[in-house]
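**Student:** Pasting input-v3.csv below, which is CSV, C-alpha atoms.
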```csv
chain,number,residue,atom,x,y,z
X,16,MET,CA,-16.9,13.4,0.6
X,17,LEU,CA,-13.5,12.3,-0.8
X,18,ILE,CA,-12.5,11.3,2.7
X,19,VAL,CA,-15.4,9.7,4.6
X,20,PRO,CA,-16.0,8.9,8.3
X,21,ASP,CA,-14.3,5.7,9.4
X,22,ASN,CA,-14.7,4.1,12.8
X,23,GLN,CA,-11.4,2.2,12.4
X,24,ARG,CA,-9.3,5.3,11.9
X,25,TRP,CA,-8.6,5.8,15.6
X,26,LYS,CA,-7.4,2.1,15.8
X,27,ARG,CA,-4.9,2.7,12.9
X,28,PHE,CA,-3.7,5.9,14.6
X,29,THR,CA,-3.3,4.1,18.0
X,30,ILE,CA,-1.3,1.2,16.5
X,31,SER,CA,0.9,3.3,14.3
X,32,GLY,CA,1.4,5.8,17.1
X,33,ILE,CA,2.5,3.1,19.5
X,34,VAL,CA,4.9,1.6,16.9
X,35,PHE,CA,6.4,5.0,16.3
X,36,ILE,CA,6.9,5.8,20.0
X,37,ILE,CA,8.6,2.4,20.5
X,38,LEU,CA,11.0,3.1,17.6
X,39,MET,CA,11.6,6.7,18.8
X,40,LEU,CA,12.4,5.5,22.3
X,41,MET,CA,14.7,2.8,21.0
X,42,ILE,CA,16.7,5.4,19.1
X,43,LYS,CA,16.6,8.0,21.8
X,44,PHE,CA,18.0,5.6,24.4
X,45,ASN,CA,20.4,3.8,22.0
X,46,SER,CA,18.7,0.4,22.3
X,47,THR,CA,20.6,-2.6,21.0
X,48,ILE,CA,17.6,-3.7,19.0
X,49,GLY,CA,17.6,-0.4,17.1
X,50,THR,CA,21.3,-0.4,16.3
X,51,THR,CA,21.1,-4.0,15.2
X,52,MET,CA,18.2,-3.3,12.9
X,53,ASP,CA,20.2,-0.4,11.4
X,54,ALA,CA,23.3,-2.5,10.9
X,55,VAL,CA,21.4,-5.3,9.2
X,56,PHE,CA,19.3,-3.1,6.8
X,57,GLN,CA,22.2,-0.7,6.1
X,58,SER,CA,24.4,-3.6,4.9
X,59,LEU,CA,21.8,-4.5,2.3
X,60,PHE,CA,21.7,-1.1,0.5
X,61,THR,CA,25.2,0.3,1.0
X,62,SER,CA,27.4,-2.5,-0.4
X,63,GLN,CA,30.4,-1.7,-2.6
X,64,ARG,CA,28.8,-3.6,-5.4
X,65,LEU,CA,25.9,-1.2,-5.6
X,66,GLU,CA,28.2,1.8,-5.4
X,67,ASN,CA,30.0,0.6,-8.5
X,68,ILE,CA,26.8,0.6,-10.6
X,69,GLY,CA,26.8,4.1,-12.1
X,70,TRP,CA,23.1,4.3,-13.1
X,71,PHE,CA,21.9,3.0,-9.7
X,72,HIS,CA,23.8,5.8,-7.9
X,73,ALA,CA,22.5,8.4,-10.3
X,74,LEU,CA,18.9,7.1,-9.8
X,75,MET,CA,19.2,7.2,-6.0
X,76,THR,CA,20.6,10.7,-6.1
X,77,LEU,CA,17.8,11.9,-8.4
X,78,ILE,CA,15.1,10.3,-6.3
X,79,SER,CA,16.5,11.8,-3.2
X,80,PHE,CA,16.7,15.3,-4.8
X,81,LEU,CA,13.1,15.1,-6.1
X,82,ALA,CA,11.8,14.2,-2.7
X,83,SER,CA,13.6,16.8,-0.7
X,84,PRO,CA,11.4,18.6,1.9
X,85,LYS,CA,11.3,21.8,-0.1
X,86,LEU,CA,10.3,20.0,-3.2
X,87,ASP,CA,7.7,18.0,-1.3
X,88,LEU,CA,6.1,21.4,-0.4
X,89,LEU,CA,6.3,22.5,-4.0
X,90,TRP,CA,4.6,19.3,-5.2
X,91,VAL,CA,1.8,19.7,-2.7
X,92,LEU,CA,1.4,23.4,-3.7
X,93,ILE,CA,1.0,22.3,-7.3
X,94,ILE,CA,-1.5,19.7,-6.3
X,95,ALA,CA,-3.4,22.2,-4.3
X,96,ILE,CA,-3.5,24.7,-7.1
X,97,ALA,CA,-4.8,22.0,-9.5
X,98,LEU,CA,-7.5,21.0,-7.0
X,99,TRP,CA,-8.5,24.6,-6.4
X,100,LEU,CA,-8.9,25.3,-10.1
X,101,ARG,CA,-11.1,22.3,-10.4
X,102,ASN,CA,-13.3,23.6,-7.6
X,103,TYR,CA,-11.9,21.2,-5.0
X,104,ARG,CA,-11.1,24.1,-2.7
X,105,ILE,CA,-11.5,22.4,0.6
X,106,PRO,CA,-9.3,19.4,-0.4
X,107,ALA,CA,-6.7,21.9,-1.7
X,108,VAL,CA,-6.5,23.7,1.7
X,109,TRP,CA,-6.4,20.4,3.5
X,110,ALA,CA,-3.5,19.2,1.4
X,111,ILE,CA,-1.4,22.2,2.3
X,112,CYS,CA,-2.3,21.9,6.0
X,113,THR,CA,-1.5,18.2,6.0
X,114,ILE,CA,2.1,18.6,4.6
X,115,VAL,CA,2.9,21.7,6.7
X,116,GLY,CA,1.5,20.0,9.9
X,117,GLY,CA,3.4,16.8,9.2
X,118,ASP,CA,6.7,18.7,8.6
X,119,VAL,CA,6.2,20.6,11.9
X,120,VAL,CA,5.6,17.3,13.8
X,121,GLY,CA,8.7,15.7,12.1
X,122,THR,CA,10.8,18.7,13.1
X,123,LEU,CA,9.7,18.6,16.7
X,124,VAL,CA,10.6,14.9,16.9
X,125,LYS,CA,14.0,15.5,15.3
X,126,HIS,CA,14.9,18.0,18.0
X,127,PHE,CA,13.6,15.7,20.7
X,128,VAL,CA,15.6,12.7,19.6
X,129,LYS,CA,18.7,14.6,18.3
X,130,ARG,CA,20.1,11.6,16.5
X,131,ALA,CA,23.3,12.1,14.5
X,132,ARG,CA,23.4,11.1,10.9
X,133,PRO,CA,25.8,8.3,9.6
X,134,ALA,CA,29.4,9.4,9.6
X,135,GLN,CA,29.6,9.1,5.8
X,136,HIS,CA,26.7,11.4,5.0
X,137,LEU,CA,27.1,14.2,2.5
X,138,ALA,CA,27.7,17.8,3.7
X,139,ALA,CA,24.4,18.8,2.1
X,140,ASP,CA,22.5,16.5,4.5
X,141,ASP,CA,22.8,18.5,7.7
X,142,GLY,CA,20.6,18.5,10.8
X,143,TYR,CA,19.4,15.6,12.9
X,144,SER,CA,18.7,12.1,11.4
X,145,PHE,CA,15.5,10.8,13.1
X,146,PRO,CA,13.0,10.7,11.5
X,147,SER,CA,13.9,11.1,7.8
X,148,GLY,CA,12.3,14.4,6.6
X,149,HIS,CA,12.5,13.3,2.9
X,150,THR,CA,10.6,10.0,3.6
X,151,LEU,CA,8.1,11.7,5.9
X,152,GLY,CA,7.4,14.4,3.3
X,153,LEU,CA,7.1,12.1,0.3
X,154,PHE,CA,4.8,9.7,2.3
X,155,LEU,CA,2.5,12.6,3.0
X,156,VAL,CA,2.6,13.7,-0.7
X,157,VAL,CA,1.6,10.2,-1.7
X,158,GLY,CA,-1.0,10.0,1.0
X,159,ILE,CA,-2.6,13.2,-0.3
X,160,LEU,CA,-2.6,11.9,-3.8
X,161,PHE,CA,-4.2,8.6,-2.7
X,162,LEU,CA,-6.9,10.4,-0.7
X,163,VAL,CA,-8.0,13.4,-2.7
X,164,VAL,CA,-6.5,13.1,-6.2
X,165,ILE,CA,-6.5,9.5,-7.4
X,166,PRO,CA,-10.2,9.1,-6.5
X,167,ILE,CA,-11.0,11.8,-9.0
X,168,ILE,CA,-9.4,9.9,-11.8
X,169,GLN,CA,-12.2,8.2,-13.9
X,170,LYS,CA,-10.4,5.1,-15.3
X,171,ALA,CA,-9.8,2.3,-12.8
X,172,ALA,CA,-6.7,1.1,-14.7
X,173,VAL,CA,-5.1,4.5,-14.5
X,174,ARG,CA,-5.9,4.7,-10.8
X,175,THR,CA,-4.2,1.4,-10.2
X,176,ILE,CA,-1.1,2.3,-12.2
X,177,CYS,CA,-0.7,5.6,-10.3
X,178,GLN,CA,-1.1,3.8,-6.9
X,179,LEU,CA,1.6,1.2,-7.8
X,180,LEU,CA,4.0,3.9,-9.0
X,181,LEU,CA,3.6,5.9,-5.9
X,182,ILE,CA,4.2,2.9,-3.6
X,183,PHE,CA,7.4,2.1,-5.6
X,184,ALA,CA,8.4,5.8,-5.2
X,185,ILE,CA,8.3,5.6,-1.4
X,186,PHE,CA,10.2,2.4,-1.3
X,187,PHE,CA,13.0,3.6,-3.6
X,188,LEU,CA,13.2,6.9,-1.7
X,189,ALA,CA,13.7,5.1,1.6
X,190,VAL,CA,16.4,3.0,0.0
X,191,SER,CA,18.1,6.1,-1.5
X,192,ARG,CA,18.3,7.8,1.9
X,193,VAL,CA,20.1,4.8,3.3
X,194,TYR,CA,22.2,4.2,0.2
X,195,LEU,CA,23.4,7.8,0.3
X,196,TYR,CA,24.2,7.5,4.0
X,197,ALA,CA,21.8,10.4,4.7
X,198,HIS,CA,19.9,8.3,7.2
X,199,TRP,CA,19.9,5.1,9.2
X,200,PRO,CA,17.3,2.6,8.1
X,201,VAL,CA,15.2,3.0,11.2
X,202,ASP,CA,15.0,6.7,10.4
X,203,THR,CA,13.1,6.0,7.2
X,204,ILE,CA,10.9,3.3,8.7
X,205,ALA,CA,9.9,5.5,11.6
X,206,ALA,CA,9.2,8.4,9.2
X,207,MET,CA,6.7,6.3,7.2
X,208,VAL,CA,5.0,5.2,10.4
X,209,LEU,CA,4.8,8.7,11.7
X,210,ALA,CA,3.5,10.0,8.4
X,211,TYR,CA,0.8,7.3,8.4
X,212,ALA,CA,-0.2,8.2,12.0
X,213,TRP,CA,-0.4,11.9,11.0
X,214,LEU,CA,-2.5,11.1,8.0
X,215,GLN,CA,-5.1,9.5,10.3
X,216,VAL,CA,-5.2,12.8,12.3
X,217,ALA,CA,-5.5,14.8,9.1
X,218,GLU,CA,-8.3,12.6,7.7
X,219,TRP,CA,-10.2,13.0,11.0
X,220,LEU,CA,-9.8,16.7,10.8
X,221,TYR,CA,-11.0,16.7,7.2
X,222,VAL,CA,-14.2,14.8,8.1
X,223,ALA,CA,-14.8,17.1,11.1
X,224,TRP,CA,-14.2,20.4,9.4
X,225,ALA,CA,-15.0,20.1,5.7
X,226,PRO,CA,-18.8,20.5,6.2
X,227,LYS,CA,-18.2,23.5,8.4
X,228,LEU,CA,-15.9,25.1,5.9
X,229,ARG,CA,-18.6,24.9,3.3
X,230,GLU,CA,-20.6,27.4,5.3
X,231,LEU,CA,-18.0,30.0,4.4
X,232,LYS,CA,-18.6,31.9,1.2
X,233,ILE,CA,-15.3,31.1,-0.3
X,234,PHE,CA,-15.9,27.4,0.1
X,235,SER,CA,-19.7,27.3,-0.4
X,236,ASN,CA,-19.5,25.7,-3.9
X,237,SER,CA,-16.4,23.6,-3.2
X,238,ILE,CA,-16.5,19.9,-4.1
X,239,TYR,CA,-15.3,18.0,-1.1
```
Represent the structure from my file as structure tokens, please.

**Tutor:**
Amino acid sequence: MLIVPDNQRWKRFTISGIVFIILMLMIKFNSTIGTTMDAVFQSLFTSQRLENIGWFHALMTLISFLASPKLDLLWVLIIAIALWLRNYRIPAVWAICTIVGGDVVGTLVKHFVKRARPAQHLAADDGYSFPSGHTLGLFLVVGILFLVVIPIIQKAAVRTICQLLLIFAIFFLAVSRVYLYAHWPVDTIAAMVLAYAWLQVAEWLYVAWAPKLRELKIFSNSIY
């Protein structure tokens, strides 16, 4: 299987889940620690000096656009189609379920915390701020690529390059959401932690259900 049983998965889920809950409660109840973290990190990426660099602003805007929640769904749909056509039908279905389930969890958290966005945010960035939907979605896209796409690539060097590029993509997206005043820094950090915790659940579901899905005719010949 592309995703194999792992006895440490529940530990990773527990740790990341606890960290996320702590961050969520800090923001929900306006903890001084949370606001201080936001102020410190926001000052690093929203300085007037950075705003005067035209190419940097254009890059941040482009990255933010390419990682919007709707496009994240599109990227996963493309990934799923490519997997399906190569007879990785079970991983294809899993990829779609993972991104949709993660978006649902993120939306539920947003409506629980109900955090307002920074005052300077663009009109296009509406809705609640915590956690960052862009960051959550892209992290899940990257997770899907790491788990069921990159392992298929034959050349080790290509796999390594892809992994590095994807890690940089997440980092710069998180920076772009803060730079554009779409989110507070803790929103992006919490989104990555939540996405990581959700991936542990998704991986466990894959291990549990992939063999059972192969019993269905449509998945009987699927590589998984």

**Student:** Which neighbours of segment 94-98 of chain X fall inside 9 Å, counting all atoms listed in the file, when residues of the same chain fewer than 3 positions from it are skipped, and could you give them as a PyMOL selection string?

**Tutor:** chain X and resi 89-91+101-111+159-160+163-164

**Student:** Let me see the file: selected residues, C-alpha atoms, as a compact mmCIF listing (two decimals), in the frame of the given file.

**Tutor:**
```txt
# COMPACT_ATOMS: atom_id res chain seq x y z
CA LEU X 89 6.30 22.50 -4.00
CA TRP X 90 4.60 19.30 -5.20
CA VAL X 91 1.80 19.70 -2.70
CA ARG X 101 -11.10 22.30 -10.40
CA ASN X 102 -13.30 23.60 -7.60
CA TYR X 103 -11.90 21.20 -5.00
CA ARG X 104 -11.10 24.10 -2.70
CA ILE X 105 -11.50 22.40 0.60
CA PRO X 106 -9.30 19.40 -0.40
CA ALA X 107 -6.70 21.90 -1.70
CA VAL X 108 -6.50 23.70 1.70
CA TRP X 109 -6.40 20.40 3.50
CA ALA X 110 -3.50 19.20 1.40
CA ILE X 111 -1.40 22.20 2.30
CA ILE X 159 -2.60 13.20 -0.30
CA LEU X 160 -2.60 11.90 -3.80
CA VAL X 163 -8.00 13.40 -2.70
CA VAL X 164 -6.50 13.10 -6.20
```

**Student:** Counting all atoms listed in the file, which residue out of X:Leu88, X:Ala172, X:Ile42, X:Leu59 sits closest to Lys125 of chain X?

**Tutor:**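 Under the stated criterion, the closest residue is X:Ile42.
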
**Student:** Would you mind reading off the distance between atom CA of Val208 of chain X and atom CA of Leu17 of chain X, one decimal, in Å?

**Tutor:**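 For atom CA of Val208 of chain X relative to atom CA of Leu17 of chain X, the distance reads 22.8 Å.
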
**Student:** Between X:Leu214, X:Ile233, X:Leu228, X:Met41, which one has atoms that come closest to Ile18 of chain X, using only C-alpha atoms?

**Tutor:**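 Checking each candidate against Ile18 of chain X, we get X:Leu214 as the closest.
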
**Student:** Using only C-alpha atoms, find the one residue out of X:Leu38, X:Val216, X:Thr122, X:Ser237 that sits nearest to Met52 of chain X.

**Tutor:**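 Checking each candidate against Met52 of chain X, we get X:Leu38 as the closest.
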
**Student:** Restricting the calculation to only C-alpha atoms: of X:Ala217, X:Phe35, X:Gln57, X:Ala205, which residue gets closest to Cys112 of chain X?

**Tutor:**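 Checking each of X:Ala217, X:Phe35, X:Gln57, X:Ala205 against Cys112 of chain X, counting only C-alpha atoms, the winner is X:Ala217.
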
**Student:** State, in Å with one decimal place, the distance from atom CA of Leu188 of chain X to atom CA of Gly117 of chain X.

**Tutor:**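 Rounded to one decimal, the two atoms are 17.7 Å apart.
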
**Student:** Of the residues X:Asn45, X:Thr51, X:Asn22, X:Thr150, which is the one nearest to Ser191 of chain X, using all atoms listed in the file?

**Tutor:** X:Thr150

**Student:** With all atoms listed in the file as the counted atoms, please give the residues lying no more than 6 Å from Ser147 of chain X, apart from itself and same-chain residues fewer than 5 positions off, as a list in words.

**Tutor:** Asp202, Thr203 and Ala206 of chain X

**Student:** Kindly indicate which residue among X:Gln23, X:Tyr239, X:Phe71, X:Gln178 lies nearest to Pro226 of chain X, using all atoms listed in the file for the distances.

**Tutor:**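 Looking at the shortest contact to Pro226 of chain X, the residue is X:Tyr239.
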
**Student:** Go through segment 114-208 of chain X residue by residue and, counting all atoms listed in the file, keep those with an atom at most 8 Å from segment 74-83 of chain X; for each kept residue give the shortest atom pair and its distance in Å to one decimal, ordered by chain and increasing number, as a Markdown table.

**Tutor:**
```
| residue | atom | partner | partner_atom | distance |
| --- | --- | --- | --- | --- |
| X:Gly148 | CA | X:Ser83 | CA | 7.8 |
| X:His149 | CA | X:Ser83 | CA | 5.1 |
| X:Thr150 | CA | X:Ala82 | CA | 7.7 |
| X:Gly152 | CA | X:Ala82 | CA | 7.4 |
| X:Leu153 | CA | X:Ala82 | CA | 6.0 |
| X:Phe187 | CA | X:Ile78 | CA | 7.5 |
| X:Leu188 | CA | X:Ile78 | CA | 6.0 |
| X:Val190 | CA | X:Met75 | CA | 7.8 |
| X:Ser191 | CA | X:Met75 | CA | 4.8 |
| X:Arg192 | CA | X:Ser79 | CA | 6.7 |
| X:Tyr194 | CA | X:Met75 | CA | 7.5 |
| X:Leu195 | CA | X:Thr76 | CA | 7.6 |
```

**Student:** Using Å and a single decimal, report how far atom CA of Gly158 of chain X sits from atom CA of Pro133 of chain X.

**Tutor:**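 Interatomic distance, atom CA of Pro133 of chain X to atom CA of Gly158 of chain X: 28.2 Å.
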
**Student:** Find the residues around Lys129 of chain X up to 10 Å (all atoms listed in the file counted), leave out those fewer than 3 positions away in its own chain, and share them as a PyMOL selection string.

**Tutor:** chain X and resi 42-43+123-126+132+142-146

**Student:** With only C-alpha atoms as the counted atoms, please give the residues lying no more than 9 Å from Gly32 of chain X, apart from itself and same-chain residues fewer than 6 positions off, as a PDB file with C-alpha atoms, in the coordinates of the input.

**Tutor:**
```
ATOM      1  CA  VAL X 208       5.000   5.200  10.400  1.00  0.00           C
ATOM      2  CA  LEU X 209       4.800   8.700  11.700  1.00  0.00           C
ATOM      3  CA  TYR X 211       0.800   7.300   8.400  1.00  0.00           C
ATOM      4  CA  ALA X 212      -0.200   8.200  12.000  1.00  0.00           C
ATOM      5  CA  TRP X 213      -0.400  11.900  11.000  1.00  0.00           C
TER       6      TRP X 213
END
```
